[in-house]
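Undergrad: Structure file structure_36.cif (mmCIF, C-alpha atoms and all ligand atoms) right here:
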data_work
#
loop_
_atom_site.label_atom_id
_atom_site.label_comp_id
_atom_site.auth_asym_id
_atom_site.auth_seq_id
_atom_site.Cartn_x
_atom_site.Cartn_y
_atom_site.Cartn_z
CA MET P 1 21.39 -28.73 12.14
CA LYS P 2 21.13 -25.67 9.90
CA GLN P 3 17.77 -24.08 9.12
CA HIS P 4 16.95 -23.47 5.48
CA CYS P 5 16.11 -20.03 4.09
CA ASP P 6 15.33 -18.78 0.56
CA ARG P 7 18.23 -16.33 0.31
CA ILE P 8 21.20 -15.04 2.26
CA ILE P 9 22.30 -11.48 1.57
CA ARG P 10 25.86 -10.63 2.61
CA ALA P 11 26.52 -6.99 3.41
CA GLY P 12 29.79 -5.09 3.81
CA VAL P 13 28.03 -2.77 6.23
CA LEU P 14 24.52 -3.44 7.54
CA VAL P 15 22.44 -0.59 8.97
CA THR P 16 19.70 -2.44 10.81
CA GLN P 17 17.51 0.35 12.30
CA ASP P 18 16.72 -2.23 15.01
CA GLU P 19 15.87 -1.06 18.56
CA GLN P 20 19.56 -0.63 19.42
CA ARG P 21 20.20 1.00 16.02
CA ARG P 22 23.04 -1.49 15.41
CA VAL P 23 25.35 -1.01 12.44
CA LEU P 24 27.20 -4.27 11.72
CA GLY P 25 30.31 -4.82 9.59
CA ASP P 26 30.55 -8.02 7.49
CA ALA P 27 26.95 -8.98 8.22
CA ALA P 28 24.20 -11.00 6.58
CA VAL P 29 20.44 -11.19 6.34
CA ALA P 30 18.54 -14.49 5.94
CA VAL P 31 15.29 -14.13 4.03
CA THR P 32 12.40 -16.61 3.81
CA GLY P 33 9.44 -15.76 1.60
CA ASP P 34 8.79 -12.04 1.97
CA THR P 35 10.13 -11.89 5.53
CA ILE P 36 13.48 -11.51 7.28
CA ALA P 37 14.35 -14.70 9.15
CA ALA P 38 17.60 -13.58 10.80
CA VAL P 39 20.11 -10.72 10.91
CA ASP P 40 23.60 -11.11 12.31
CA HIS P 41 27.32 -11.15 11.59
CA ALA P 42 27.96 -13.11 8.38
CA ASP P 43 29.81 -15.98 10.11
CA VAL P 44 26.88 -16.53 12.48
CA ILE P 45 24.29 -16.53 9.66
CA VAL P 46 26.38 -18.90 7.51
CA ALA P 47 26.85 -21.25 10.49
CA GLU P 48 23.13 -21.35 11.29
CA TRP P 49 21.41 -21.06 7.89
CA SER P 50 21.61 -22.93 4.59
CA THR P 51 20.32 -21.62 1.27
CA ASP P 52 20.45 -22.14 -2.49
CA ALA P 53 20.70 -18.41 -3.21
CA VAL P 54 23.39 -16.05 -1.93
CA SER P 55 23.54 -12.37 -2.87
CA ASP P 56 27.08 -11.14 -2.28
CA LEU P 57 26.72 -7.46 -1.46
CA SER P 58 29.95 -7.37 0.54
CA GLY P 59 31.07 -4.17 -1.22
CA MET P 60 27.79 -2.51 -0.31
CA LEU P 61 26.04 -0.73 2.48
CA VAL P 62 22.75 -2.57 3.06
CA MET P 63 19.94 -0.79 4.88
CA PRO P 64 16.14 -0.82 5.17
CA GLY P 65 14.29 0.45 2.09
CA LEU P 66 13.23 4.06 2.53
CA VAL P 67 9.58 4.98 3.05
CA ASN P 68 8.09 7.91 1.15
CA ALA P 69 5.39 8.90 3.65
CA HIS P 70 3.49 11.26 1.36
CA THR P 71 3.42 11.39 -2.41
CA HIS P 72 1.29 11.57 -5.53
CA VAL P 73 3.43 9.25 -7.60
CA ALA P 74 1.54 9.74 -10.86
CA MET P 75 2.29 13.47 -10.82
CA THR P 76 5.63 12.70 -12.45
CA PHE P 77 3.92 13.68 -15.74
CA LEU P 78 3.67 17.26 -14.42
CA ARG P 79 7.35 17.44 -13.41
CA GLY P 80 8.76 20.83 -14.39
CA LEU P 81 5.51 21.99 -16.00
CA ALA P 82 5.07 25.01 -13.71
CA ASP P 83 7.55 26.14 -11.06
CA ASP P 84 8.17 29.12 -8.82
CA LEU P 85 4.50 29.90 -7.98
CA PRO P 86 2.42 30.11 -4.74
CA LEU P 87 0.51 26.90 -3.81
CA MET P 88 -3.05 28.05 -4.59
CA GLN P 89 -2.10 29.73 -7.89
CA TRP P 90 0.06 26.75 -8.86
CA LEU P 91 -2.81 24.33 -8.10
CA THR P 92 -5.70 26.24 -9.62
CA GLU P 93 -4.01 27.71 -12.70
CA HIS P 94 -1.58 24.97 -13.68
CA ILE P 95 -2.18 21.60 -12.00
CA PHE P 96 -5.99 21.27 -11.71
CA PRO P 97 -6.68 22.38 -15.36
CA VAL P 98 -4.47 19.59 -16.76
CA GLU P 99 -5.66 17.04 -14.17
CA LYS P 100 -9.27 17.66 -15.26
CA HIS P 101 -8.53 15.70 -18.45
CA LEU P 102 -6.69 12.82 -16.79
CA SER P 103 -7.16 9.24 -17.98
CA ALA P 104 -6.38 5.94 -16.28
CA GLU P 105 -3.73 5.30 -18.91
CA ILE P 106 -1.85 8.52 -18.13
CA VAL P 107 -2.00 7.85 -14.39
CA GLU P 108 -0.73 4.31 -14.82
CA VAL P 109 2.22 5.23 -17.05
CA SER P 110 3.14 8.24 -14.89
CA ALA P 111 2.91 6.19 -11.69
CA LEU P 112 5.15 3.52 -13.20
CA LEU P 113 7.69 6.25 -14.05
CA GLY P 114 7.52 7.39 -10.43
CA CYS P 115 8.04 3.80 -9.25
CA ALA P 116 11.07 3.52 -11.53
CA GLU P 117 12.56 6.63 -9.95
CA MET P 118 11.81 5.47 -6.42
CA ALA P 119 13.13 1.92 -6.88
CA ALA P 120 16.33 3.31 -8.44
CA THR P 121 16.85 5.68 -5.50
CA GLY P 122 16.11 3.26 -2.69
CA THR P 123 12.45 3.77 -1.81
CA THR P 124 10.56 0.53 -1.20
CA THR P 125 7.29 1.84 0.27
CA LEU P 126 5.14 4.82 -0.61
CA CYS P 127 2.01 6.38 0.82
CA ASP P 128 0.10 7.68 -2.18
CA MET P 129 -3.01 9.76 -2.79
CA TYR P 130 -4.15 10.70 -6.27
CA LEU P 131 -6.94 10.77 -8.83
CA ILE P 132 -7.91 7.49 -10.54
CA GLU P 133 -5.89 5.70 -7.87
CA ASP P 134 -6.92 2.32 -9.32
CA ALA P 135 -4.37 2.99 -12.06
CA THR P 136 -1.66 3.82 -9.51
CA PHE P 137 -2.43 0.64 -7.55
CA LYS P 138 -1.90 -1.27 -10.83
CA ALA P 139 1.40 0.46 -11.60
CA VAL P 140 2.81 0.00 -8.10
CA ASP P 141 1.76 -3.64 -8.13
CA ARG P 142 3.52 -4.11 -11.47
CA ALA P 143 6.69 -2.37 -10.23
CA GLY P 144 6.69 -4.61 -7.15
CA LEU P 145 6.85 -1.76 -4.62
CA ARG P 146 4.90 -1.63 -1.37
CA MET P 147 2.23 1.00 -0.81
CA GLN P 148 -0.62 2.42 1.14
CA GLY P 149 -2.87 4.23 -1.32
CA GLY P 150 -6.23 5.88 -1.60
CA GLU P 151 -8.42 7.79 -4.01
CA GLY P 152 -8.08 11.54 -3.48
CA LEU P 153 -11.55 12.57 -2.27
CA PHE P 154 -12.99 15.98 -3.16
CA ALA P 155 -16.43 17.50 -2.55
CA PHE P 156 -16.65 18.07 -6.30
CA PRO P 157 -16.47 15.64 -9.25
CA SER P 158 -13.07 14.19 -10.22
CA PRO P 159 -12.03 12.16 -13.29
CA ALA P 160 -12.72 9.07 -11.13
CA TYR P 161 -16.26 9.88 -9.90
CA ALA P 162 -19.24 12.09 -10.71
CA CYS P 163 -20.40 12.76 -7.14
CA ILE P 164 -19.39 12.05 -3.56
CA GLU P 165 -21.73 9.03 -3.31
CA ASP P 166 -19.91 7.43 -6.24
CA ALA P 167 -16.60 8.35 -4.58
CA PHE P 168 -17.48 6.50 -1.37
CA GLU P 169 -18.59 3.45 -3.38
CA LEU P 170 -15.26 3.55 -5.23
CA VAL P 171 -13.38 3.72 -1.92
CA ARG P 172 -15.21 0.62 -0.64
CA ARG P 173 -14.42 -1.27 -3.85
CA GLN P 174 -10.74 -0.33 -3.61
CA HIS P 175 -10.69 -1.42 0.01
CA ASP P 176 -12.22 -4.81 -0.82
CA ARG P 177 -9.88 -5.38 -3.77
CA TYR P 178 -6.71 -4.88 -1.73
CA SER P 179 -7.86 -6.25 1.63
CA SER P 180 -5.55 -9.26 1.41
CA HIS P 181 -2.83 -8.07 -0.97
CA SER P 182 0.73 -8.82 0.18
CA ARG P 183 2.15 -5.38 -0.75
CA ILE P 184 -0.80 -3.01 -1.14
CA ARG P 185 -2.95 -1.54 1.60
CA HIS P 186 -5.80 0.88 1.18
CA ALA P 187 -6.65 4.01 3.15
CA VAL P 188 -9.39 6.64 3.08
CA MET P 189 -7.87 9.86 1.70
CA PRO P 190 -9.86 13.10 1.77
CA HIS P 191 -7.67 15.55 -0.17
CA ALA P 192 -7.75 18.56 2.17
CA VAL P 193 -9.92 20.89 4.22
CA TYR P 194 -10.17 23.39 1.35
CA THR P 195 -11.44 20.79 -1.14
CA SER P 196 -14.01 19.13 1.13
CA ASN P 197 -16.88 20.00 3.47
CA PRO P 198 -17.63 19.04 7.11
CA GLU P 199 -20.16 16.29 6.24
CA MET P 200 -17.71 14.65 3.86
CA LEU P 201 -14.79 14.76 6.33
CA ALA P 202 -16.89 13.29 9.16
CA ARG P 203 -18.01 10.54 6.79
CA CYS P 204 -14.41 9.79 5.79
CA ALA P 205 -13.43 9.44 9.45
CA ALA P 206 -16.37 7.11 10.14
CA LEU P 207 -15.60 5.02 7.04
CA ALA P 208 -11.91 4.60 7.98
CA GLY P 209 -13.07 3.44 11.42
CA GLU P 210 -15.59 1.02 9.92
CA LEU P 211 -13.06 -0.44 7.45
CA GLY P 212 -10.29 -0.49 10.04
CA CYS P 213 -7.90 1.27 7.66
CA GLY P 214 -5.75 4.40 7.65
CA LEU P 215 -6.87 7.94 6.91
CA HIS P 216 -4.55 10.36 5.10
CA ILE P 217 -5.15 14.09 4.53
CA HIS P 218 -3.22 17.25 3.61
CA LEU P 219 -3.58 19.46 6.70
CA ALA P 220 -2.38 22.89 7.86
CA GLU P 221 -0.09 23.18 4.85
CA THR P 222 -0.13 26.98 4.47
CA ALA P 223 -1.30 30.16 6.18
CA ALA P 224 -3.65 30.64 3.20
CA GLU P 225 -5.36 27.32 4.03
CA THR P 226 -5.82 28.47 7.63
CA ALA P 227 -7.34 31.79 6.52
CA GLN P 228 -9.73 30.03 4.16
CA CYS P 229 -10.77 27.48 6.83
CA LEU P 230 -11.38 30.29 9.36
CA ALA P 231 -13.47 32.20 6.82
CA SER P 232 -15.52 29.16 5.74
CA PHE P 233 -15.88 27.16 8.96
CA GLY P 234 -14.92 29.57 11.77
CA LYS P 235 -12.04 27.37 12.96
CA ARG P 236 -8.39 26.78 12.12
CA PRO P 237 -7.76 23.50 10.19
CA ILE P 238 -6.49 21.34 13.06
CA PRO P 239 -9.28 22.05 15.63
CA TYR P 240 -11.78 21.85 12.74
CA CYS P 241 -10.58 18.36 11.82
CA ARG P 242 -10.40 17.26 15.45
CA ASP P 243 -14.02 18.32 16.02
CA LEU P 244 -15.11 16.29 12.98
CA GLY P 245 -13.38 13.14 14.31
CA VAL P 246 -10.72 13.15 11.58
CA LEU P 247 -7.73 13.06 13.94
CA SER P 248 -7.12 9.62 15.49
CA PRO P 249 -4.25 7.11 15.77
CA ARG P 250 -5.24 5.75 12.33
CA THR P 251 -4.65 9.22 10.78
CA THR P 252 -1.58 10.57 9.01
CA VAL P 253 -1.58 14.27 8.20
CA ALA P 254 0.67 15.60 5.46
CA HIS P 255 2.53 18.87 6.08
CA ALA P 256 1.26 20.28 9.44
CA VAL P 257 3.22 23.47 8.77
CA ASP P 258 0.91 26.20 10.12
CA VAL P 259 0.57 24.84 13.66
CA THR P 260 0.17 26.77 16.95
CA ASP P 261 1.34 25.52 20.37
CA ASP P 262 -2.22 24.44 21.22
CA GLU P 263 -2.51 22.62 17.91
CA LEU P 264 0.77 20.80 18.53
CA GLU P 265 -0.88 19.51 21.71
CA ILE P 266 -4.01 18.47 19.74
CA LEU P 267 -1.80 16.52 17.31
CA ARG P 268 0.01 14.81 20.21
CA GLU P 269 -3.18 13.95 22.10
CA SER P 270 -4.91 12.52 19.04
CA GLY P 271 -2.08 10.06 18.32
CA ILE P 272 -1.79 11.00 14.63
CA CYS P 273 1.37 10.65 12.53
CA VAL P 274 2.83 13.54 10.52
CA ALA P 275 4.24 13.18 7.01
CA HIS P 276 6.77 15.99 6.71
CA ASN P 277 7.59 17.24 3.19
CA PRO P 278 10.59 19.55 3.48
CA VAL P 279 11.37 20.13 -0.22
CA SER P 280 7.75 20.73 -1.25
CA ASN P 281 7.22 23.08 1.70
CA MET P 282 10.38 25.02 0.79
CA LYS P 283 9.63 25.15 -2.93
CA LEU P 284 6.08 26.43 -2.40
CA ALA P 285 7.34 28.66 0.46
CA SER P 286 4.69 27.12 2.72
CA GLY P 287 6.99 27.29 5.75
CA ALA P 288 8.89 24.83 7.95
CA ALA P 289 6.94 22.31 10.00
CA ARG P 290 7.87 22.31 13.72
CA VAL P 291 9.49 18.90 13.41
CA PRO P 292 11.90 19.08 16.40
CA GLU P 293 9.00 20.09 18.65
CA MET P 294 6.77 17.35 17.21
CA LEU P 295 9.47 14.75 17.86
CA ALA P 296 10.05 16.08 21.38
CA ALA P 297 6.31 15.75 22.02
CA GLY P 298 6.45 12.09 20.96
CA ILE P 299 4.60 12.56 17.67
CA CYS P 300 5.59 10.02 14.98
CA VAL P 301 7.05 11.89 12.00
CA GLY P 302 7.85 10.44 8.57
CA ILE P 303 9.30 12.14 5.50
CA GLY P 304 7.61 12.46 2.12
CA THR P 305 8.53 13.98 -1.21
CA ASP P 306 5.01 15.10 -2.10
CA GLY P 307 4.36 14.92 -5.85
CA ALA P 308 7.06 15.42 -8.47
CA ALA P 309 5.26 18.60 -9.58
CA SER P 310 6.22 20.36 -6.33
CA ASN P 311 9.60 18.78 -5.57
CA ASN P 312 10.58 17.94 -8.49
CA GLY P 313 11.78 14.45 -7.66
CA LEU P 314 10.78 11.39 -5.64
CA ASN P 315 14.24 10.86 -4.19
CA MET P 316 14.24 10.18 -0.45
CA PHE P 317 18.00 10.68 -0.12
CA THR P 318 17.76 14.33 -1.20
CA GLU P 319 14.67 14.65 0.99
CA MET P 320 16.56 13.38 4.07
CA LYS P 321 19.43 15.81 3.58
CA THR P 322 17.05 18.72 3.02
CA CYS P 323 15.15 17.77 6.18
CA ALA P 324 18.34 17.84 8.27
CA LEU P 325 19.44 21.17 6.81
CA LEU P 326 16.06 22.95 6.89
CA HIS P 327 15.58 22.59 10.64
CA LYS P 328 19.16 23.53 11.46
CA LEU P 329 18.63 26.75 9.53
CA ARG P 330 15.15 27.45 10.90
CA TYR P 331 16.12 26.92 14.55
CA ALA P 332 19.64 28.38 14.08
CA ASP P 333 20.96 25.24 15.75
CA PRO P 334 23.42 22.82 14.09
CA THR P 335 22.54 20.08 16.61
CA CYS P 336 18.88 20.18 15.56
CA VAL P 337 17.43 17.06 13.81
CA PRO P 338 20.67 15.04 13.61
CA ALA P 339 21.34 12.41 10.94
CA ALA P 340 20.17 9.46 13.07
CA THR P 341 16.84 11.22 13.72
CA VAL P 342 16.38 11.91 10.02
CA LEU P 343 17.09 8.27 9.15
CA ASP P 344 14.55 7.15 11.76
CA MET P 345 11.94 9.40 10.16
CA ALA P 346 12.68 8.01 6.68
CA THR P 347 12.49 4.37 7.83
CA THR P 348 10.67 3.37 11.02
CA GLY P 349 8.73 6.65 11.33
CA GLY P 350 7.63 6.59 7.71
CA ALA P 351 6.64 2.94 8.01
CA LYS P 352 4.09 3.87 10.71
CA CYS P 353 2.87 6.89 8.68
CA ALA P 354 2.35 4.66 5.64
CA GLY P 355 0.45 1.94 7.48
CA TRP P 356 3.24 -0.64 7.13
CA PRO P 357 4.71 -0.78 10.65
CA GLU P 358 6.28 -4.16 9.92
CA THR P 359 8.78 -2.47 7.57
CA GLY P 360 11.50 0.14 8.07
CA ALA P 361 13.94 -2.02 10.08
CA LEU P 362 16.00 -5.10 9.27
CA VAL P 363 14.93 -7.38 12.12
CA PRO P 364 13.59 -10.95 12.23
CA GLY P 365 9.88 -10.97 11.38
CA ALA P 366 10.00 -7.69 9.42
CA LYS P 367 9.29 -7.58 5.70
CA ALA P 368 12.41 -8.17 3.57
CA ASP P 369 12.46 -4.63 2.14
CA LEU P 370 16.06 -3.50 1.78
CA ILE P 371 18.43 -1.57 -0.46
CA ALA P 372 22.16 -1.66 -1.19
CA LEU P 373 24.45 1.31 -1.86
CA ASP P 374 27.78 0.93 -3.67
CA LEU P 375 30.45 1.89 -1.15
CA SER P 376 33.04 2.35 -3.91
CA ALA P 377 31.26 5.57 -4.97
CA PRO P 378 33.76 8.40 -4.37
CA ASN P 379 31.26 10.45 -2.38
CA LEU P 380 30.84 7.54 0.09
CA GLN P 381 34.59 7.33 0.88
CA PRO P 382 36.14 7.24 3.39
CA LEU P 383 33.51 5.65 5.60
CA TYR P 384 33.49 6.62 9.29
CA SER P 385 29.75 6.72 9.92
CA ALA P 386 27.24 4.88 7.77
CA VAL P 387 24.33 6.98 9.08
CA SER P 388 26.17 10.22 8.29
CA HIS P 389 26.82 9.06 4.71
CA ILE P 390 23.21 7.97 4.20
CA VAL P 391 21.83 11.38 5.19
CA TYR P 392 24.55 13.83 4.13
CA ALA P 393 26.70 12.23 1.41
CA ALA P 394 24.56 9.78 -0.58
CA THR P 395 22.52 11.07 -3.54
CA GLY P 396 20.39 7.96 -4.10
CA HIS P 397 22.26 7.16 -7.30
CA GLU P 398 24.61 4.83 -5.41
CA VAL P 399 21.69 2.40 -5.02
CA THR P 400 22.50 -0.87 -6.82
CA HIS P 401 19.79 -3.17 -5.43
CA THR P 402 16.24 -2.63 -4.21
CA MET P 403 14.40 -5.57 -2.66
CA VAL P 404 10.73 -5.56 -1.70
CA GLY P 405 9.23 -8.53 0.13
CA GLY P 406 12.23 -10.73 -0.68
CA GLU P 407 12.26 -9.92 -4.41
CA PHE P 408 14.81 -7.73 -6.19
CA VAL P 409 12.74 -5.20 -8.16
CA TYR P 410 15.84 -3.20 -9.15
CA GLU P 411 19.23 -4.77 -9.70
CA ASN P 412 22.44 -3.18 -11.04
CA GLY P 413 20.63 -0.46 -12.97
CA ARG P 414 17.88 -2.72 -14.31
CA HIS P 415 14.18 -2.71 -13.40
CA THR P 416 13.34 -6.41 -13.18
CA ARG P 417 9.55 -6.21 -13.59
CA PHE P 418 8.99 -3.91 -16.57
CA ASP P 419 10.56 -2.68 -19.80
CA TYR P 420 12.04 0.72 -18.93
CA PRO P 421 12.86 1.86 -22.52
CA ALA P 422 9.25 1.08 -23.52
CA LEU P 423 8.03 3.11 -20.53
CA LEU P 424 10.11 6.09 -21.68
CA ARG P 425 8.38 6.03 -25.07
CA GLU P 426 4.97 6.13 -23.35
CA VAL P 427 6.12 9.03 -21.15
CA ALA P 428 7.15 10.98 -24.26
CA SER P 429 3.69 10.56 -25.74
CA ILE P 430 2.11 11.83 -22.49
CA ARG P 431 4.35 14.92 -22.64
CA ARG P 432 2.98 15.64 -26.11
CA TRP P 433 -0.60 15.25 -24.79
CA VAL P 434 0.05 17.68 -21.89
CA GLN P 435 1.57 20.25 -24.25
CA LYS P 436 -1.50 20.04 -26.46
CA LYS P 437 -3.79 20.59 -23.41
CA ILE P 438 -1.83 23.67 -22.37
CA THR P 439 -1.78 25.29 -25.76
CA GLY P 440 -5.52 24.45 -26.04
ZN ZN O 1 0.57 16.29 -1.26
#
Would you write the structure of this file as structure tokens?
Ligand SMILES: [Zn+2]
TA:
Amino acid sequence: MKQHCDRIIRAGVLVTQDEQRRVLGDAAVAVTGDTIAAVDHADVIVAEWSTDAVSDLSGMLVMPGLVNAHTHVAMTFLRGLADDLPLMQWLTEHIFPVEKHLSAEIVEVSALLGCAEMAATGTTTLCDMYLIEDATFKAVDRAGLRMQGGEGLFAFPSPAYACIEDAFELVRRQHDRYSSHSRIRHAVMPHAVYTSNPEMLARCAALAGELGCGLHIHLAETAAETAQCLASFGKRPIPYCRDLGVLSPRTTVAHAVDVTDDELEILRESGICVAHNPVSNMKLASGAARVPEMLAAGICVGIGTDGAASNNGLNMFTEMKTCALLHKLRYADPTCVPAATVLDMATTGGAKCAGWPETGALVPGAKADLIALDLSAPNLQPLYSAVSHIVYAATGHEVTHTMVGGEFVYENGRHTRFDYPALLREVASIRRWVQKKITG
């Protein structure tokens, strides 16, 4: 007798990212609730499963939703505001002065715009740190995406809190609110070494341990950060964080660009994950993270876009291609970081970075987070290798369907959970507000 499932999705080509990295032609996925019940050739699924809902994606390439392992999704409102500047000057002269006046409303609208971009370009999960994160949680929840998020914690007041005591209270409230949410998980997120102090970082590490949640921090992003850390605390950023208890298997560090051989060993020993941000690192000329060496050492690496202010997009397809190209150039080796490795980083690797290890692969028991790409797009023809096309040929704009937890949140160019034209009107009014702030 057949088993019943909620939906069967037929795929022309199915990239599973399972342990054998199988790519199946004429395949299908059975979904029950928010979970994948079975994955196999279409004839096997149809013989074994019954359903009232069939999605015929037989002209499509179906694959796991991509994971954006490090972003500040609400920064879409700063997209293109200031480009072509060094990190510290860019932050202190252009980003922080506008962010000082942030409101929950601006964060929520901007985060929803970011979600629209991500859903339309095949990202199903994001790891997000920002100011007034409550508003981002709301936007992501509304968009139907999956996230790990946390309030960006600074040793000085932010628009979300007046002092660090208030900040820690806010973090506990956020943790409680999302402790049993089906798509949202919370993590403790100190912003960076150069915006915190030792007491605060040690407290963040202890709190993440107490709450049993992730910890996410920008770390070793630039040589300037290292110089500042040495001058202030007498240590380079990675040993400094290790000595404060910040580096543990629950930790994901974003960037890890300025890293010595000894520090690579510290990262490996501590069991942290790295969120690699190739476009942001290139745009701010921060440098190239030692990704091939991290992978060879067994460190889990995911890929992130960083915020739209330093990218300027949230498109994981462009990020994957840039990742593959950057390391080939840096190591002068065309075999370096091949397509399959990049795809692993953007799916299973990112899933671990973002605290959602049960996503990133289409296997029974995993969350039903998947995307479909239209194989009739001229740039995806002819098709010899699905993985090659995903990393080197696709732009993200071939994405026709984005499913999170068994629900289509984006379908044939339409966002199913919110009014996109209305959102655009709100974004235009935020642009006018930003322009007023700049001109004073
Ligand atoms: Zn960042």
Undergrad: Around (-3.0, 16.9, 3.0) in the file's frame, which residues reach within 8 Å when counting all atoms listed in the file? Return as a list of chain:residue names?
TA: P:Pro190, P:His191, P:Ala192, P:His216, P:Ile217, P:His218, P:Leu219, P:Ala220, P:Glu221, P:Val253, P:Ala254, P:His255
Undergrad: Is there a way to get, as a ChimeraX atom specification, all residues within 9 Å of the point (31.1, -3.6, 6.6) in file coordinates, counting all atoms listed in the file?
TA: /P:11-14,23-27,58-61
Undergrad: Rounded to one decimal, what separation in Å do you get between atom CA of P:Pro198 and atom CA of P:His276?
TA: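 Those two atoms sit 24.6 Å apart.
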Undergrad: Report the closest atom pair, with its distance in Å rounded to one decimal, for each residue of chain P that has an atom no farther than 8 Å from ligand ZN 1 (chain O); count only C-alpha atoms and all ligand atoms, sort by chain and then rising residue number, and write it as JSON lines.
TA:
{"residue": "P:His70", "atom": "CA", "partner": "O:ZN1", "partner_atom": "ZN", "distance": 6.4}
{"residue": "P:Thr71", "atom": "CA", "partner": "O:ZN1", "partner_atom": "ZN", "distance": 5.8}
{"residue": "P:His72", "atom": "CA", "partner": "O:ZN1", "partner_atom": "ZN", "distance": 6.4}
{"residue": "P:Met129", "atom": "CA", "partner": "O:ZN1", "partner_atom": "ZN", "distance": 7.6}
{"residue": "P:His218", "atom": "CA", "partner": "O:ZN1", "partner_atom": "ZN", "distance": 6.2}
{"residue": "P:Ala254", "atom": "CA", "partner": "O:ZN1", "partner_atom": "ZN", "distance": 6.8}
{"residue": "P:Asp306", "atom": "CA", "partner": "O:ZN1", "partner_atom": "ZN", "distance": 4.7}
{"residue": "P:Gly307", "atom": "CA", "partner": "O:ZN1", "partner_atom": "ZN", "distance": 6.1}
Undergrad: Can you write out as a Markdown table which residues of stretch 241-306 of chain P fall within 8 Å of stretch 327-334 of chain P, alongside each residue's closest atom pair and its distance in Å to one decimal, counting all atoms listed in the file and ordering rows by chain and ascending residue number?
TA:
| residue | atom | partner | partner_atom | distance |
| --- | --- | --- | --- | --- |
| P:Ala288 | CA | P:Arg330 | CA | 7.4 |
| P:Val291 | CA | P:His327 | CA | 7.6 |
| P:Pro292 | CA | P:His327 | CA | 7.7 |
Undergrad: Could you give me, as a VMD selection string, the residues within 10 Å of P:Trp356, counting all atoms listed in the file and dropping anything in the same chain fewer than 5 positions from it?
TA: chain P and resid 67 125 to 127 146 to 148 183 to 185 348 350 to 351 367
Undergrad: Considering all atoms listed in the file, can you say which of P:Ile371, P:Leu380, P:Met282, P:Val434 comes closest to P:Ala119?
TA: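 Of the candidates, the smallest distance to P:Ala119 is held by P:Ile371.
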Undergrad: So what do you get for atom CA of P:Arg414 versus atom CA of P:Leu373, distance-wise?
TA: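 Going from atom CA of P:Arg414 over to atom CA of P:Leu373, I get 14.6 Å.
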Undergrad: Leaving out P:Thr76 and any residue of its chain fewer than 5 positions from it, which residues lie within 7 Å of it when counting all atoms listed in the file, given as a list in words?
TA: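 Answer for this query is Ser110, Leu113, Gly114, Ala308 and Ala309 of chain P.
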